[in-house]
Amino acid sequence: MIPSSREECEALDEASPFARTRELFDLPNGVIYLDGNSLGPLPKVVTSRLSRVVEEEWGQSLITSWNRHGWFDLPRKVGDRIGRLIGSVPGSVVAIDTLSVALYRLLGAALTLRPNRRTILTDTGNFPNDLYIAQGLTRFLGQGHEVRIVEPDAVASAFSPDTAVVMLTEVDYRTGRRHDMADLTARAHAAGALTIWDLAHSAGAFPVDLQGVNADFAVGCAYKYLNGGPGAPAFLYVRPDLQDEVRPPITGWWGHAEPFEFSLDFKPAHGITRMQCGTQPILSLSALDAALDVWDGVDMTALRRESEALQALFIDHAEKLCARHHLRLAGPRDMSMRGSQVSFHVSEAYAVMQALIAEGVIGDFRAPDLIRFGLTPLYTRFSDVWDAAATLANILDERRWDRPEFRIRKPVT
Ligand SMILES: *Cc1c(COP(=O)(O)O)cnc(C)c1O
């Protein structure tokens with residue numbers, strides 16, 4: 001049942017299992033934050049953890065911290081904590097680098113597992129960055145690989161005997177449209193191809209079951225739904241039985257079987273460790289590790305239920321209030337095919353979003369005409385969604401977006 005008054009929203013908020021997790025975040029007063037799909041807010045525990053890491057671990061324990069405070073194991077420890085949220089067994093995820101670099105590593109490793117095939121299959125719904133990474137890698141390899149880009153609904157029928165890898169982002173960053181990961185992974189395997197799933201808009205947004213769908217590889221970033229902070233390390237998953245088979249394209253000492261033997265030849269470590277490369281950013285990893293505390297005890301099925309209810313409310317309320325402004329929902333209406341965000345096509349979308357931000361409702365703009373809102377049950381309330389839709393309607397009704405300063409494009413949209 002979609003709530004039909006603000007009072008009903010408040011009642012739902014009070015009864016919500018996520019009233020507890022909201023308290024764990026440091027959210028500014030007077031702001032409705034609907035951009036946790038781009039940069040998650042600050043979990044309070046991160047502040048104290050970072051000052052402890054800086055003052056006590058780095059400041060006092062100095063280099064002994066690598067052993068004494070578990071710095072050396074941190075990428076795998078954090079990886080396992082993320083692994084719980086994406087349906088993987090311990091020892092198959094590592095927190096590392098940025099998503100872009102992690103993707104490069106996985107794509108390079110996957111291509112060497114299919115040496116006689118030349119096609120990387122992907123789609124127009126992918127984040128362009130991922131296509132750039134594939135294009136750069138294939139150009140560097142110089143072995144005639146092709147990055148084949150089809151429409152999202154054409155992927156299922158686009159496999160050929162030449163497909164080495166299908167590389168997809170599960171949830172479209174613009175529309176929120178979600179691929180059927182189980183079906184496409186099964187089709188890829190039937191065609192003899194490997195899968196790389198980008199979980200940037202999946203991890204922490206809803207339950208993911210990498211093991212259950214038998215995915216080969218996955219990457220994701222931790223600064224979105226996982227709230228790890230700006231530029232937080234990414235994560236990388238390799239299916240357990242592939243881990244000792246993959247040949248990582250970047251071979252550094254942290255991926256060596258015996259890094260402190262300092263031998264002259266690279267010998268890959270067992271397991272996921274071989275995907276590591278060099279010294280990891282311990283401050284960022286520590287912030288991410290602390291940020292993951294807010295997930296302790298969170299039931300991902302309950303999270304999904306709340307996310308669907310928040311989306312349904314926002315879509316319903318915004319469409320009713322903004323009917324005369326030709327607001328058009330992006331992506332499918334079927335909840336099983338949606339991630340955890342709502343985007344609308346609207347004219348003057350950029351200026352409309354600037355006006356919303358000026359009035360304390362933070363979402364973002366995606367070219368050419370989308371206003372986009374991330375709905376994150378850990379801290380987004382039904383009453384926030386109710387109020388955000390009302391603010392949007394007021395801005396459109398009164399043309400409050402129609403000011404010169406709202407048309408000035410900033411470098412980051
Ligand atoms: C956010 C996002 C990225 C960003 O990659 P970085 O290396 O962290 O800049 C990549 N892919 C997708 C699908 C994203 O949504």
# chains A, B, ... in the order shown; residues from 1 in each chain; ligands from 1

call {"tool": "residues_near_ligand", "arguments": {"ligand": "ligand 1", "cutoff": "7 Å", "atoms": "only C-alpha atoms and all ligand atoms", "output": "JSON list (two decimals) with C-alpha atoms, in the first residue's frame"}}
result
[["chain", "number", "residue", "atom", "x", "y", "z"],
["A", 38, "SER", "CA", 26.63, 8.82, -6.13],
["A", 98, "THR", "CA", 39.33, 2.25, -8.06],
["A", 99, "LEU", "CA", 36.58, 0.54, -9.98],
["A", 100, "SER", "CA", 38.18, 1.62, -13.25],
["A", 101, "VAL", "CA", 41.52, -0.02, -12.47],
["A", 126, "ASN", "CA", 26.79, 0.63, -19.44],
["A", 127, "PHE", "CA", 28.56, 3.49, -17.71],
["A", 129, "ASN", "CA", 33.76, 4.82, -18.28],
["A", 130, "ASP", "CA", 33.60, 1.02, -18.47],
["A", 169, "THR", "CA", 26.63, -2.95, -15.35],
["A", 173, "TYR", "CA", 23.19, 4.55, -13.90],
["A", 198, "ASP", "CA", 29.74, -4.05, -12.54],
["A", 199, "LEU", "CA", 27.85, -3.72, -9.25],
["A", 200, "ALA", "CA", 28.38, 0.03, -8.76],
["A", 201, "HIS", "CA", 24.62, 0.55, -8.37],
["A", 221, "CYS", "CA", 32.63, 0.99, -5.95],
["A", 231, "GLY", "CA", 37.29, 7.88, -3.72],
["A", 234, "ALA", "CA", 36.67, -0.36, -5.07]]

call {"tool": "select_by_dssp", "arguments": {"residues": "stretch 8-207 of chain A", "states": "strand (DSSP E or B)", "output": "ChimeraX atom specification"}}
result
/A:25-26,32-33,42-43,93-96,119-123,146-150,163-169,171,177-178,194-198

call {"tool": "residues_around", "arguments": {"residues": "A:Leu210", "least_positions_apart": "2", "cutoff": "12 Å", "atoms": "only C-alpha atoms", "output": "ChimeraX atom specification"}}
result
/A:82-89,92-93,170,181-182,185,195-199,202-203,207-208,212-219,236-240

call {"tool": "write_last_selection", "arguments": {"atoms": "N, CA, C and O atoms", "output": "compact mmCIF listing (two decimals), in the first residue's frame"}}
result
# COMPACT_ATOMS: atom_id res chain seq x y z
N ILE A 82 32.34 -6.83 2.46
CA ILE A 82 31.50 -6.47 1.31
C ILE A 82 30.91 -7.74 0.70
O ILE A 82 29.75 -7.77 0.27
N GLY A 83 31.72 -8.80 0.70
CA GLY A 83 31.28 -10.07 0.13
C GLY A 83 29.96 -10.57 0.72
O GLY A 83 29.12 -11.13 0.02
N ARG A 84 29.76 -10.32 2.01
CA ARG A 84 28.51 -10.75 2.64
C ARG A 84 27.30 -10.09 1.99
O ARG A 84 26.21 -10.66 1.92
N LEU A 85 27.50 -8.85 1.51
CA LEU A 85 26.37 -8.10 0.93
C LEU A 85 26.10 -8.46 -0.52
O LEU A 85 25.09 -8.07 -1.08
N ILE A 86 27.03 -9.16 -1.15
CA ILE A 86 26.87 -9.47 -2.57
C ILE A 86 26.88 -10.97 -2.84
O ILE A 86 27.07 -11.39 -3.98
N GLY A 87 26.66 -11.75 -1.79
CA GLY A 87 26.45 -13.18 -1.99
C GLY A 87 27.69 -13.94 -2.42
O GLY A 87 27.62 -14.81 -3.28
N SER A 88 28.84 -13.64 -1.79
CA SER A 88 30.03 -14.40 -2.15
C SER A 88 30.60 -15.08 -0.91
O SER A 88 30.34 -14.64 0.21
N VAL A 89 31.37 -16.12 -1.11
CA VAL A 89 31.96 -16.81 0.04
C VAL A 89 33.23 -16.06 0.47
O VAL A 89 33.85 -15.37 -0.34
N SER A 92 36.82 -14.37 -1.56
CA SER A 92 36.65 -14.16 -3.00
C SER A 92 36.51 -12.69 -3.39
O SER A 92 36.35 -12.38 -4.57
N VAL A 93 36.59 -11.79 -2.42
CA VAL A 93 36.50 -10.36 -2.72
C VAL A 93 37.68 -9.65 -2.08
O VAL A 93 38.09 -9.98 -0.97
N GLU A 170 24.99 -4.00 -13.90
CA GLU A 170 23.68 -4.59 -13.64
C GLU A 170 22.57 -3.54 -13.68
O GLU A 170 21.51 -3.78 -14.26
N MET A 181 20.53 -10.77 -14.01
CA MET A 181 21.91 -11.26 -13.89
C MET A 181 22.00 -12.78 -14.02
O MET A 181 22.91 -13.32 -14.66
N ALA A 182 21.04 -13.48 -13.42
CA ALA A 182 21.07 -14.96 -13.47
C ALA A 182 20.90 -15.43 -14.91
O ALA A 182 21.65 -16.30 -15.39
N THR A 185 23.98 -14.46 -17.15
CA THR A 185 25.17 -15.25 -16.81
C THR A 185 25.03 -16.67 -17.37
O THR A 185 25.98 -17.22 -17.95
N THR A 195 31.67 -13.79 -17.59
CA THR A 195 30.91 -12.58 -17.26
C THR A 195 31.70 -11.67 -16.33
O THR A 195 32.34 -12.16 -15.39
N ILE A 196 31.61 -10.37 -16.59
CA ILE A 196 32.10 -9.38 -15.61
C ILE A 196 30.91 -8.47 -15.29
O ILE A 196 30.40 -7.78 -16.17
N TRP A 197 30.48 -8.51 -14.06
CA TRP A 197 29.36 -7.66 -13.63
C TRP A 197 29.88 -6.45 -12.87
O TRP A 197 30.65 -6.60 -11.91
N ASP A 198 29.44 -5.27 -13.28
CA ASP A 198 29.74 -4.05 -12.54
C ASP A 198 28.57 -3.81 -11.58
O ASP A 198 27.43 -3.63 -12.02
N LEU A 199 28.88 -3.83 -10.29
CA LEU A 199 27.85 -3.72 -9.25
C LEU A 199 27.84 -2.34 -8.60
O LEU A 199 27.41 -2.19 -7.45
N SER A 202 24.54 -1.69 -7.43
CA SER A 202 23.88 -2.88 -6.87
C SER A 202 24.31 -3.14 -5.43
O SER A 202 23.48 -3.39 -4.56
N ALA A 203 25.63 -3.10 -5.20
CA ALA A 203 26.16 -3.43 -3.87
C ALA A 203 25.61 -2.44 -2.84
O ALA A 203 25.82 -1.24 -2.96
N PRO A 207 19.83 -7.08 -2.44
CA PRO A 207 20.63 -8.31 -2.31
C PRO A 207 21.19 -8.72 -3.67
O PRO A 207 20.49 -8.66 -4.67
N VAL A 208 22.45 -9.10 -3.67
CA VAL A 208 23.09 -9.62 -4.89
C VAL A 208 23.56 -11.03 -4.52
O VAL A 208 23.99 -11.26 -3.40
N GLY A 212 25.23 -17.60 -6.19
CA GLY A 212 24.01 -18.25 -6.66
C GLY A 212 23.85 -18.20 -8.17
O GLY A 212 23.36 -19.15 -8.77
N VAL A 213 24.24 -17.08 -8.80
CA VAL A 213 24.09 -16.98 -10.25
C VAL A 213 25.34 -17.50 -10.97
O VAL A 213 25.39 -17.52 -12.18
N ASN A 214 26.35 -17.88 -10.18
CA ASN A 214 27.59 -18.43 -10.74
C ASN A 214 28.35 -17.41 -11.58
O ASN A 214 28.96 -17.74 -12.62
N ALA A 215 28.33 -16.14 -11.13
CA ALA A 215 29.06 -15.08 -11.85
C ALA A 215 30.56 -15.37 -11.79
O ALA A 215 31.05 -15.93 -10.81
N ASP A 216 31.27 -14.99 -12.85
CA ASP A 216 32.71 -15.25 -12.90
C ASP A 216 33.50 -14.15 -12.20
O ASP A 216 34.38 -14.43 -11.39
N PHE A 217 33.19 -12.91 -12.59
CA PHE A 217 33.92 -11.76 -12.05
C PHE A 217 32.95 -10.63 -11.73
O PHE A 217 31.91 -10.52 -12.39
N ALA A 218 33.32 -9.80 -10.78
CA ALA A 218 32.51 -8.60 -10.50
C ALA A 218 33.39 -7.51 -9.92
O ALA A 218 34.43 -7.78 -9.31
N VAL A 219 32.95 -6.28 -10.15
CA VAL A 219 33.61 -5.11 -9.55
C VAL A 219 32.52 -4.19 -9.02
O VAL A 219 31.36 -4.31 -9.39
N LEU A 236 36.59 -6.07 -5.85
CA LEU A 236 36.77 -6.95 -7.01
C LEU A 236 36.50 -8.38 -6.57
O LEU A 236 36.97 -8.80 -5.51
N TYR A 237 35.71 -9.10 -7.35
CA TYR A 237 35.33 -10.49 -7.03
C TYR A 237 35.82 -11.43 -8.13
O TYR A 237 35.69 -11.13 -9.32
N VAL A 238 36.40 -12.55 -7.72
CA VAL A 238 36.73 -13.62 -8.67
C VAL A 238 36.11 -14.91 -8.14
O VAL A 238 36.27 -15.25 -6.96
N ARG A 239 35.40 -15.63 -9.02
CA ARG A 239 34.77 -16.90 -8.64
C ARG A 239 35.83 -17.83 -8.05
O ARG A 239 36.91 -17.98 -8.63
N PRO A 240 35.53 -18.46 -6.90
CA PRO A 240 36.58 -19.22 -6.20
C PRO A 240 37.36 -20.19 -7.08
O PRO A 240 38.59 -20.23 -7.02

call {"tool": "select_by_dssp", "arguments": {"residues": "stretch 228-296 of chain A", "states": "helix (DSSP H, G or I)", "output": "ChimeraX atom specification"}}
result
/A:240-242,253-255,259-261,271-275,282-295

call {"tool": "write_last_selection", "arguments": {"atoms": "N, CA, C and O atoms", "output": "mmCIF file, in the first residue's frame"}}
result
data_model
loop_
_atom_site.group_PDB
_atom_site.id
_atom_site.type_symbol
_atom_site.label_atom_id
_atom_site.label_comp_id
_atom_site.auth_asym_id
_atom_site.auth_seq_id
_atom_site.Cartn_x
_atom_site.Cartn_y
_atom_site.Cartn_z
ATOM 1 N N PRO A 240 35.526 -18.461 -6.901
ATOM 2 C CA PRO A 240 36.575 -19.222 -6.200
ATOM 3 C C PRO A 240 37.365 -20.187 -7.084
ATOM 4 O O PRO A 240 38.591 -20.228 -7.021
ATOM 5 N N ASP A 241 36.675 -20.951 -7.948
ATOM 6 C CA ASP A 241 37.417 -21.952 -8.722
ATOM 7 C C ASP A 241 38.238 -21.351 -9.864
ATOM 8 O O ASP A 241 39.007 -22.058 -10.504
ATOM 9 N N LEU A 242 38.077 -20.046 -10.115
ATOM 10 C CA LEU A 242 38.896 -19.407 -11.161
ATOM 11 C C LEU A 242 40.136 -18.729 -10.582
ATOM 12 O O LEU A 242 41.043 -18.335 -11.311
ATOM 13 N N TRP A 253 53.918 -6.644 -6.146
ATOM 14 C CA TRP A 253 54.401 -7.452 -5.013
ATOM 15 C C TRP A 253 53.318 -7.864 -4.029
ATOM 16 O O TRP A 253 53.443 -8.899 -3.383
ATOM 17 N N TRP A 254 52.245 -7.087 -3.934
ATOM 18 C CA TRP A 254 51.178 -7.498 -3.016
ATOM 19 C C TRP A 254 50.368 -8.671 -3.569
ATOM 20 O O TRP A 254 49.560 -9.254 -2.870
ATOM 21 N N GLY A 255 50.596 -8.992 -4.837
ATOM 22 C CA GLY A 255 49.934 -10.152 -5.440
ATOM 23 C C GLY A 255 50.889 -11.330 -5.560
ATOM 24 O O GLY A 255 50.557 -12.369 -6.126
ATOM 25 N N PRO A 259 55.848 -11.982 -0.989
ATOM 26 C CA PRO A 259 56.343 -10.631 -1.292
ATOM 27 C C PRO A 259 57.628 -10.268 -0.553
ATOM 28 O O PRO A 259 58.450 -9.519 -1.070
ATOM 29 N N PHE A 260 57.805 -10.810 0.636
ATOM 30 C CA PHE A 260 58.983 -10.418 1.416
ATOM 31 C C PHE A 260 60.187 -11.323 1.207
ATOM 32 O O PHE A 260 61.202 -11.195 1.886
ATOM 33 N N GLU A 261 60.087 -12.222 0.223
ATOM 34 C CA GLU A 261 61.272 -12.944 -0.237
ATOM 35 C C GLU A 261 62.057 -12.094 -1.235
ATOM 36 O O GLU A 261 63.238 -12.324 -1.474
ATOM 37 N N GLY A 271 44.712 -17.803 -4.577
ATOM 38 C CA GLY A 271 43.453 -17.160 -4.223
ATOM 39 C C GLY A 271 43.343 -15.731 -4.719
ATOM 40 O O GLY A 271 44.070 -15.292 -5.606
ATOM 41 N N ILE A 272 42.468 -15.000 -4.086
ATOM 42 C CA ILE A 272 42.132 -13.642 -4.527
ATOM 43 C C ILE A 272 43.322 -12.693 -4.376
ATOM 44 O O ILE A 272 43.423 -11.678 -5.052
ATOM 45 N N THR A 273 44.261 -13.043 -3.493
ATOM 46 C CA THR A 273 45.406 -12.171 -3.210
ATOM 47 C C THR A 273 46.191 -11.827 -4.473
ATOM 48 O O THR A 273 46.738 -10.736 -4.590
ATOM 49 N N ARG A 274 46.215 -12.740 -5.434
ATOM 50 C CA ARG A 274 47.007 -12.450 -6.646
ATOM 51 C C ARG A 274 46.462 -11.271 -7.449
ATOM 52 O O ARG A 274 47.170 -10.740 -8.302
ATOM 53 N N MET A 275 45.215 -10.880 -7.168
ATOM 54 C CA MET A 275 44.668 -9.713 -7.880
ATOM 55 C C MET A 275 45.150 -8.398 -7.264
ATOM 56 O O MET A 275 44.936 -7.330 -7.821
ATOM 57 N N ILE A 282 45.697 2.893 3.221
ATOM 58 C CA ILE A 282 45.190 2.412 4.508
ATOM 59 C C ILE A 282 44.184 3.374 5.150
ATOM 60 O O ILE A 282 43.228 2.940 5.792
ATOM 61 N N LEU A 283 44.386 4.673 4.949
ATOM 62 C CA LEU A 283 43.417 5.608 5.542
ATOM 63 C C LEU A 283 42.043 5.406 4.909
ATOM 64 O O LEU A 283 41.022 5.333 5.599
ATOM 65 N N SER A 284 42.010 5.316 3.588
ATOM 66 C CA SER A 284 40.731 5.111 2.892
ATOM 67 C C SER A 284 40.126 3.754 3.215
ATOM 68 O O SER A 284 38.920 3.625 3.396
ATOM 69 N N LEU A 285 40.986 2.752 3.275
ATOM 70 C CA LEU A 285 40.479 1.405 3.596
ATOM 71 C C LEU A 285 39.909 1.358 5.007
ATOM 72 O O LEU A 285 38.904 0.689 5.257
ATOM 73 N N SER A 286 40.552 2.070 5.932
ATOM 74 C CA SER A 286 40.065 2.089 7.313
ATOM 75 C C SER A 286 38.718 2.795 7.386
ATOM 76 O O SER A 286 37.813 2.358 8.115
ATOM 77 N N ALA A 287 38.580 3.886 6.635
ATOM 78 C CA ALA A 287 37.288 4.599 6.614
ATOM 79 C C ALA A 287 36.202 3.670 6.073
ATOM 80 O O ALA A 287 35.104 3.584 6.635
ATOM 81 N N LEU A 288 36.525 2.949 5.016
ATOM 82 C CA LEU A 288 35.545 2.023 4.430
ATOM 83 C C LEU A 288 35.213 0.903 5.411
ATOM 84 O O LEU A 288 34.040 0.539 5.584
ATOM 85 N N ASP A 289 36.228 0.373 6.066
ATOM 86 C CA ASP A 289 36.009 -0.698 7.033
ATOM 87 C C ASP A 289 35.031 -0.236 8.120
ATOM 88 O O ASP A 289 34.067 -0.933 8.465
ATOM 89 N N ALA A 290 35.260 0.984 8.621
ATOM 90 C CA ALA A 290 34.364 1.509 9.656
ATOM 91 C C ALA A 290 32.966 1.733 9.088
ATOM 92 O O ALA A 290 31.961 1.408 9.734
ATOM 93 N N ALA A 291 32.900 2.270 7.861
ATOM 94 C CA ALA A 291 31.591 2.556 7.251
ATOM 95 C C ALA A 291 30.752 1.288 7.116
ATOM 96 O O ALA A 291 29.523 1.329 7.186
ATOM 97 N N LEU A 292 31.427 0.164 6.946
ATOM 98 C CA LEU A 292 30.688 -1.095 6.770
ATOM 99 C C LEU A 292 30.018 -1.549 8.071
ATOM 100 O O LEU A 292 29.139 -2.404 8.042
ATOM 101 N N ASP A 293 30.414 -0.948 9.205
ATOM 102 C CA ASP A 293 29.748 -1.290 10.477
ATOM 103 C C ASP A 293 28.244 -1.061 10.397
ATOM 104 O O ASP A 293 27.481 -1.761 11.059
ATOM 105 N N VAL A 294 27.812 -0.046 9.636
ATOM 106 C CA VAL A 294 26.374 0.252 9.629
ATOM 107 C C VAL A 294 25.570 -0.899 9.008
ATOM 108 O O VAL A 294 24.366 -1.002 9.206
ATOM 109 N N TRP A 295 26.263 -1.775 8.275
ATOM 110 C CA TRP A 295 25.570 -2.918 7.655
ATOM 111 C C TRP A 295 25.429 -4.103 8.590
ATOM 112 O O TRP A 295 24.711 -5.056 8.276
#

call {"tool": "closest_atom_pairs", "arguments": {"of": "stretch 244-326 of chain A", "to": "stretch 109-112 of chain A", "cutoff": "12 Å", "atoms": "only C-alpha atoms", "output": "Markdown table"}}
result
| residue | atom | partner | partner_atom | distance |
| --- | --- | --- | --- | --- |
| A:Asp244 | CA | A:Ala109 | CA | 11.4 |
| A:Glu245 | CA | A:Ala109 | CA | 9.2 |
| A:Val246 | CA | A:Ala109 | CA | 5.6 |
| A:Arg247 | CA | A:Ala109 | CA | 5.3 |
| A:Pro248 | CA | A:Ala109 | CA | 5.1 |
| A:Pro249 | CA | A:Ala109 | CA | 6.2 |
| A:Ile250 | CA | A:Ala109 | CA | 9.3 |
| A:Thr251 | CA | A:Ala109 | CA | 11.1 |
| A:Arg274 | CA | A:Ala109 | CA | 11.1 |
| A:Met275 | CA | A:Ala109 | CA | 9.3 |
